[in-house]
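S.K.: This structure is in structure tokens; I'll ask about it shortly.
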Amino acid sequence: MGMICLDSSESITTNDQNRIQKAAKRLEELLPNWSVERRYFGADVWEGDAQSSSSLMGVEKATVTNFQRVFEHIQQEKYKYGLEAVVMMTDGIANDGLSPQSLSLPEGVLFSAIGVGDTNQYADVFVKSCWLNKEIFLGNSGEVEVVVGVRNSRANVTANVFIQGELIGSQTFIPEDRIESKRLIFSLPKQSSVGLKSVKIQLSLAESEKVLANNFKLVTFSVVDNKKTIGLLGESIDPDMGAIKRALDGYDLLECKYIDGFDFERQGLDAIVLFGVPIQSGNYSVAATRLKKWMELGNSIMIIPKKESDLRIINELSSLATLTISSTWQESQAVINSQYSGFTMDQLLQGRWLKFPPLQCPLQNFTITDKSKVMMYQRWSGVETEIPMQWSEAVGRGNLMVCLGSGFWRWGLVEKKNNQNQDGFQQWLRRGLGVLTSGNNNKERLSIVLPSGGVDVGVPPSIKLVYRDVDGVVNTSVNPNLSLEILATEKSSELKKQKPIKISLQKTEGGFLGNTFPLNPGIYKVSAEVTLGSERFLDNDLLEVNAISKEKMANSVDLDWLRKLADSRNGSFAYLGSEEDADNGKTLVNNSEMELAVRAMSEQIKRSVSAEKILKVETRNWYWYEFLWLFLGVVGLLTLEWSFRKWLGKY
């Protein structure tokens, strides 16, 4: 049995799809004695034929490529039906699931590949990521961090940032390498009015580009003037708790209070600071799950570990790569990360930190991912390291902050002794806890759950609506309303009021699922409402629709791993080319050459599969139980003969 897997994802053009259809059909004709089944794949694997290939290009099935699902499907076919050979026709672009290099085929499966697509290396500049606080307090300024990606170009790149359609900053740089990521920071002006504000990042490259839809990004933030409440909770009395309380006293934007027990959900808090994580019945997973659910509702948590088990909780909540339990603690001084864009500190105050006493930190050598933002690094014996001391990242709709150092209450005392004030210590705490509480702060019983990081253009977004009773149990007997309203687009970044579109809802086990349609690039406001008698519950959130999908972001094929995999499995590789290759001066593989490539591949498959069958027969192993059954069979025949002779009277 054999299988032909055809790539039907977005990066395969209509021309390429037609060519691989013809190649697949011809390959089937050249293997008349081979039971061939055709499969199509994109985000998943499904069956189809040439006549239905156009419908298989639908956005729901073929937006991205998931090679992990293809390899899993091959594994299942191998052990269910004895799959012998696979021919994969694809451009090799992998952007969902595991990369092909980290996957493996089952033993005994011959793998061949036909590469398609455009192999030209195009110049491209794109917004790789964008980060800013979701909320900025009234009268405060802020910063927006933009990571610009550059491929195959060393021409000038210009980045412009607009707020409400007004240009606030522009930066130009020349890439040092043809593939580079450049981090740019833009200052946001002081906010004079509350409400929702839009930010547009627009890039331009002083060289012609093939893909332009990824050169801009729209994000939003809210300007608020309400006070946030922070709860302080420790397993025992800790002097650091008092230091935080004193630093926030008289600060209009933040209020903190001591709380008793681990029952923080019902105390009206926006964030909690844990001086060691209380563990109930020694179950770390239960504690981590409970904290994560709280952050998914828009609340935030800061953890200051006091014991080895706290590191286990941090590891389960955050995206750290190598954080493990450490029984050794050391003294480490703090170094402010000058590259951190969450808040800034005066140079005069930063100089005071060099005289601050060290903190007690667990001896760790770990790394963080791009999801985390480092505020402070550790300095050992005067030597600066890349080991984080304090960092934060988004978890759900809230924020998680970790400060490994214990004993920072001494900082305030030392600063006051040397400078007659605690400005540096207070600014660090107030600004850091301001970042902590910058989540959506939604404590309503009605909540909207949107895809993390937005959705790609043309993909129906998955919008989930959850209504809970007072005790937190999901209730699906209500009749909620869900609506969608566009706020900003690529052409107009100014937020505009338009008539909302009502979204139909489907009841599920965990709430309600919104059935909507593919959306154009922009920012959309999603609003939900539930009315029960005189009570009315409201929630709203913002949905970002990216201008270009992950699949189309890759504008060059990746065929090296196909060649290597085919060589390692005694298979063959052929490249069909595309019309875009011909447009750029490359020779397009014509039908006769395609015929030769497919014919050679079919002969290779016939020889390899036949040789493998012969090899299996020649090297077949005999197992002990097979010898046992053979022995019992011979004994049974001799016994039957003896019985027959005795019945005839010959014994």
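Quick note on naming: the chains in the structure tokens go A, B, ... in the order shown, residues restart at 1 in each chain, and ligands are numbered from 1 in order of appearance.
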Would you kindly return, as a VMD selection string, each protein, DNA or RNA residue with an atom no farther than 10 Å from any atom of range 533-539 of chain A, considering only C-alpha atoms and excluding same-chain residues fewer than 5 positions away?
M.R.: chain A and resid 442 to 448 465 467 480 to 482 526 to 528
S.K.: Emit the selected residues as a PDB file, in the first residue's frame, including N, CA and C atoms.
M.R.:
ATOM      1  N   ASN A 442     -10.768  42.062  34.682  1.00  0.00           N
ATOM      2  CA  ASN A 442     -12.179  41.719  34.498  1.00  0.00           C
ATOM      3  C   ASN A 442     -12.594  40.721  35.566  1.00  0.00           C
ATOM      4  N   LYS A 443     -13.365  41.176  36.532  1.00  0.00           N
ATOM      5  CA  LYS A 443     -13.818  40.284  37.595  1.00  0.00           C
ATOM      6  C   LYS A 443     -15.307  39.968  37.467  1.00  0.00           C
ATOM      7  N   GLU A 444     -15.889  40.254  36.292  1.00  0.00           N
ATOM      8  CA  GLU A 444     -17.306  39.998  36.102  1.00  0.00           C
ATOM      9  C   GLU A 444     -17.554  38.501  35.937  1.00  0.00           C
ATOM     10  N   ARG A 445     -18.791  38.100  36.148  1.00  0.00           N
ATOM     11  CA  ARG A 445     -19.159  36.701  35.995  1.00  0.00           C
ATOM     12  C   ARG A 445     -19.271  36.311  34.532  1.00  0.00           C
ATOM     13  N   LEU A 446     -19.313  37.283  33.652  1.00  0.00           N
ATOM     14  CA  LEU A 446     -19.365  37.025  32.221  1.00  0.00           C
ATOM     15  C   LEU A 446     -18.000  37.350  31.613  1.00  0.00           C
ATOM     16  N   SER A 447     -17.453  36.446  30.825  1.00  0.00           N
ATOM     17  CA  SER A 447     -16.127  36.674  30.250  1.00  0.00           C
ATOM     18  C   SER A 447     -16.076  36.181  28.809  1.00  0.00           C
ATOM     19  N   ILE A 448     -15.295  36.895  28.004  1.00  0.00           N
ATOM     20  CA  ILE A 448     -15.056  36.547  26.604  1.00  0.00           C
ATOM     21  C   ILE A 448     -13.645  35.981  26.498  1.00  0.00           C
ATOM     22  N   LEU A 465     -17.621  32.344  24.870  1.00  0.00           N
ATOM     23  CA  LEU A 465     -18.299  33.152  25.872  1.00  0.00           C
ATOM     24  C   LEU A 465     -18.617  32.266  27.069  1.00  0.00           C
ATOM     25  N   TYR A 467     -20.299  32.191  30.992  1.00  0.00           N
ATOM     26  CA  TYR A 467     -21.046  32.827  32.078  1.00  0.00           C
ATOM     27  C   TYR A 467     -21.008  31.889  33.280  1.00  0.00           C
ATOM     28  N   PRO A 480     -27.209  34.621  26.161  1.00  0.00           N
ATOM     29  CA  PRO A 480     -26.327  35.790  26.010  1.00  0.00           C
ATOM     30  C   PRO A 480     -26.402  36.390  24.609  1.00  0.00           C
ATOM     31  N   ASN A 481     -25.989  37.638  24.509  1.00  0.00           N
ATOM     32  CA  ASN A 481     -25.847  38.316  23.226  1.00  0.00           C
ATOM     33  C   ASN A 481     -24.372  38.605  22.991  1.00  0.00           C
ATOM     34  N   LEU A 482     -23.924  38.350  21.761  1.00  0.00           N
ATOM     35  CA  LEU A 482     -22.532  38.583  21.393  1.00  0.00           C
ATOM     36  C   LEU A 482     -22.502  39.394  20.102  1.00  0.00           C
ATOM     37  N   VAL A 526     -15.285  43.167  20.680  1.00  0.00           N
ATOM     38  CA  VAL A 526     -16.217  42.070  20.916  1.00  0.00           C
ATOM     39  C   VAL A 526     -16.952  42.368  22.219  1.00  0.00           C
ATOM     40  N   SER A 527     -18.274  42.430  22.163  1.00  0.00           N
ATOM     41  CA  SER A 527     -19.092  42.768  23.336  1.00  0.00           C
ATOM     42  C   SER A 527     -20.055  41.638  23.635  1.00  0.00           C
ATOM     43  N   ALA A 528     -20.251  41.361  24.923  1.00  0.00           N
ATOM     44  CA  ALA A 528     -21.170  40.309  25.366  1.00  0.00           C
ATOM     45  C   ALA A 528     -22.077  40.857  26.452  1.00  0.00           C
TER      46      ALA A 528
END
S.K.: So that I can see what lies close to range 210-225 of chain A, please list as a PyMOL selection string the residues with an atom at most 8 Å from it, counting only C-alpha atoms and leaving out residues fewer than 5 positions away in the same chain.
M.R.: chain A and resi 122-127+132-138+191+193-204+253+488-490+493+522-523+544+546-548+553+555
S.K.: Using only C-alpha atoms, which of the listed residues (A:Glu84, A:Tyr575, A:Ser643, A:Val150) sits closest to Ile174 in chain A?
M.R.: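 With only C-alpha atoms as the atom set, the closest residue is A:Val150.
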S.K.: To one decimal place, how far is CA of Asn95 in chain A from CA of Leu542 in chain A in Å?
M.R.: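 Straight-line distance from CA of Asn95 in chain A to CA of Leu542 in chain A works out to 24.9 Å.
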S.K.: Determine, counting only C-alpha atoms, which protein, DNA and RNA residues have an atom within 8 Å of an atom of Pro461 in chain A; residues of the same chain fewer than 2 positions away are not included. Present the result as a ChimeraX atom specification.
M.R.: /A:450-451,455,459,463,516-519
S.K.: Do you know which residues are at most 8 Å from Lys464 in chain A counting only C-alpha atoms, after dropping those on the same chain fewer than 4 positions away, and could you put them as a PyMOL selection string?
M.R.: chain A and resi 448-450+511-514
S.K.: Which residues, written as a list in words, have at least one atom at most 10 Å from Tyr251 in chain A, with only C-alpha atoms counted and residues fewer than 4 positions away on the same chain left out?
M.R.: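 Those residues are Lys227, Arg246, Ala247, Glu255, Gln426 and Arg430 of chain A.
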S.K.: Just the strand (DSSP E) stuff from range 97-239 of chain A, please, per backbone DSSP, written as a PyMOL selection string.
M.R.: chain A and resi 110-116+124-131+135-137+142-151+157-163+166-173+179-188+195-205+216-224+228-234
S.K.: Determine which residues of range 60-164 of chain A receive a DSSP assignment of helix (DSSP H, G or I), computed from the backbone, and state them as a list in words.
M.R.: Glu60, Lys61, Ala62, Phe67, Gln68, Arg69, Val70, Phe71, Glu72, His73, Ile74, Gln75, Gln76, Glu77, Lys78, Tyr79, Lys80, Tyr81, Pro100, Gln101 and Ser102 of chain A
S.K.: Could you name the residues that touch Trp353 in chain A at 8 Å or less, counting only C-alpha atoms, but leaving out those on the same chain fewer than 3 positions away, as a ChimeraX atom specification?
M.R.: /A:334-335,349-350,356,424
S.K.: Between A:Lys507, A:Arg266, A:Lys373, A:Arg151, which has the minimum distance to Ser556 in chain A (counting only C-alpha atoms)?
M.R.: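 Between A:Lys507, A:Arg266, A:Lys373, A:Arg151, the residue approaching Ser556 in chain A most closely is A:Arg151.
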S.K.: Residues of range 77-189 of chain A that have any atom at most 6 Å from an atom of range 1-12 of chain A: could you tabulate them with the shortest-distance atom pair and the distance in Å to one decimal, using only C-alpha atoms, ordered by chain and increasing number, as CSV?
M.R.:
residue,atom,partner,partner_atom,distance
A:Leu83,CA,A:Met1,CA,5.1
A:Glu84,CA,A:Met1,CA,5.6
A:Ala85,CA,A:Gly2,CA,4.8
A:Val86,CA,A:Met3,CA,4.9
A:Val87,CA,A:Ile4,CA,4.8
A:Met88,CA,A:Cys5,CA,4.7
A:Met89,CA,A:Leu6,CA,5.0
A:Thr90,CA,A:Asp7,CA,5.0
S.K.: Please compute the CA of Asn475 in chain A-CA of Thr508 in chain A distance, one decimal, in Å.
M.R.: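 CA of Asn475 in chain A sits 10.5 Å away from CA of Thr508 in chain A.
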S.K.: Closest to Asn419 in chain A among A:Leu105, A:Leu348, A:Val277, A:Val473, using only C-alpha atoms?
M.R.: A:Leu348
S.K.: One decimal, in Å: what's the spacing between CA of Ser102 in chain A and CA of Gly458 in chain A?
M.R.: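 Value for the CA of Ser102 in chain A-CA of Gly458 in chain A distance: 29.3 Å.
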S.K.: Let me make sure I understand: among A:Leu632, A:Leu505, A:Leu274, A:Leu248, which one has the smallest atom-to-atom distance to Glu235 in chain A if we use only C-alpha atoms?
M.R.: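 Nearest candidate to Glu235 in chain A out of A:Leu632, A:Leu505, A:Leu274, A:Leu248: A:Leu274.
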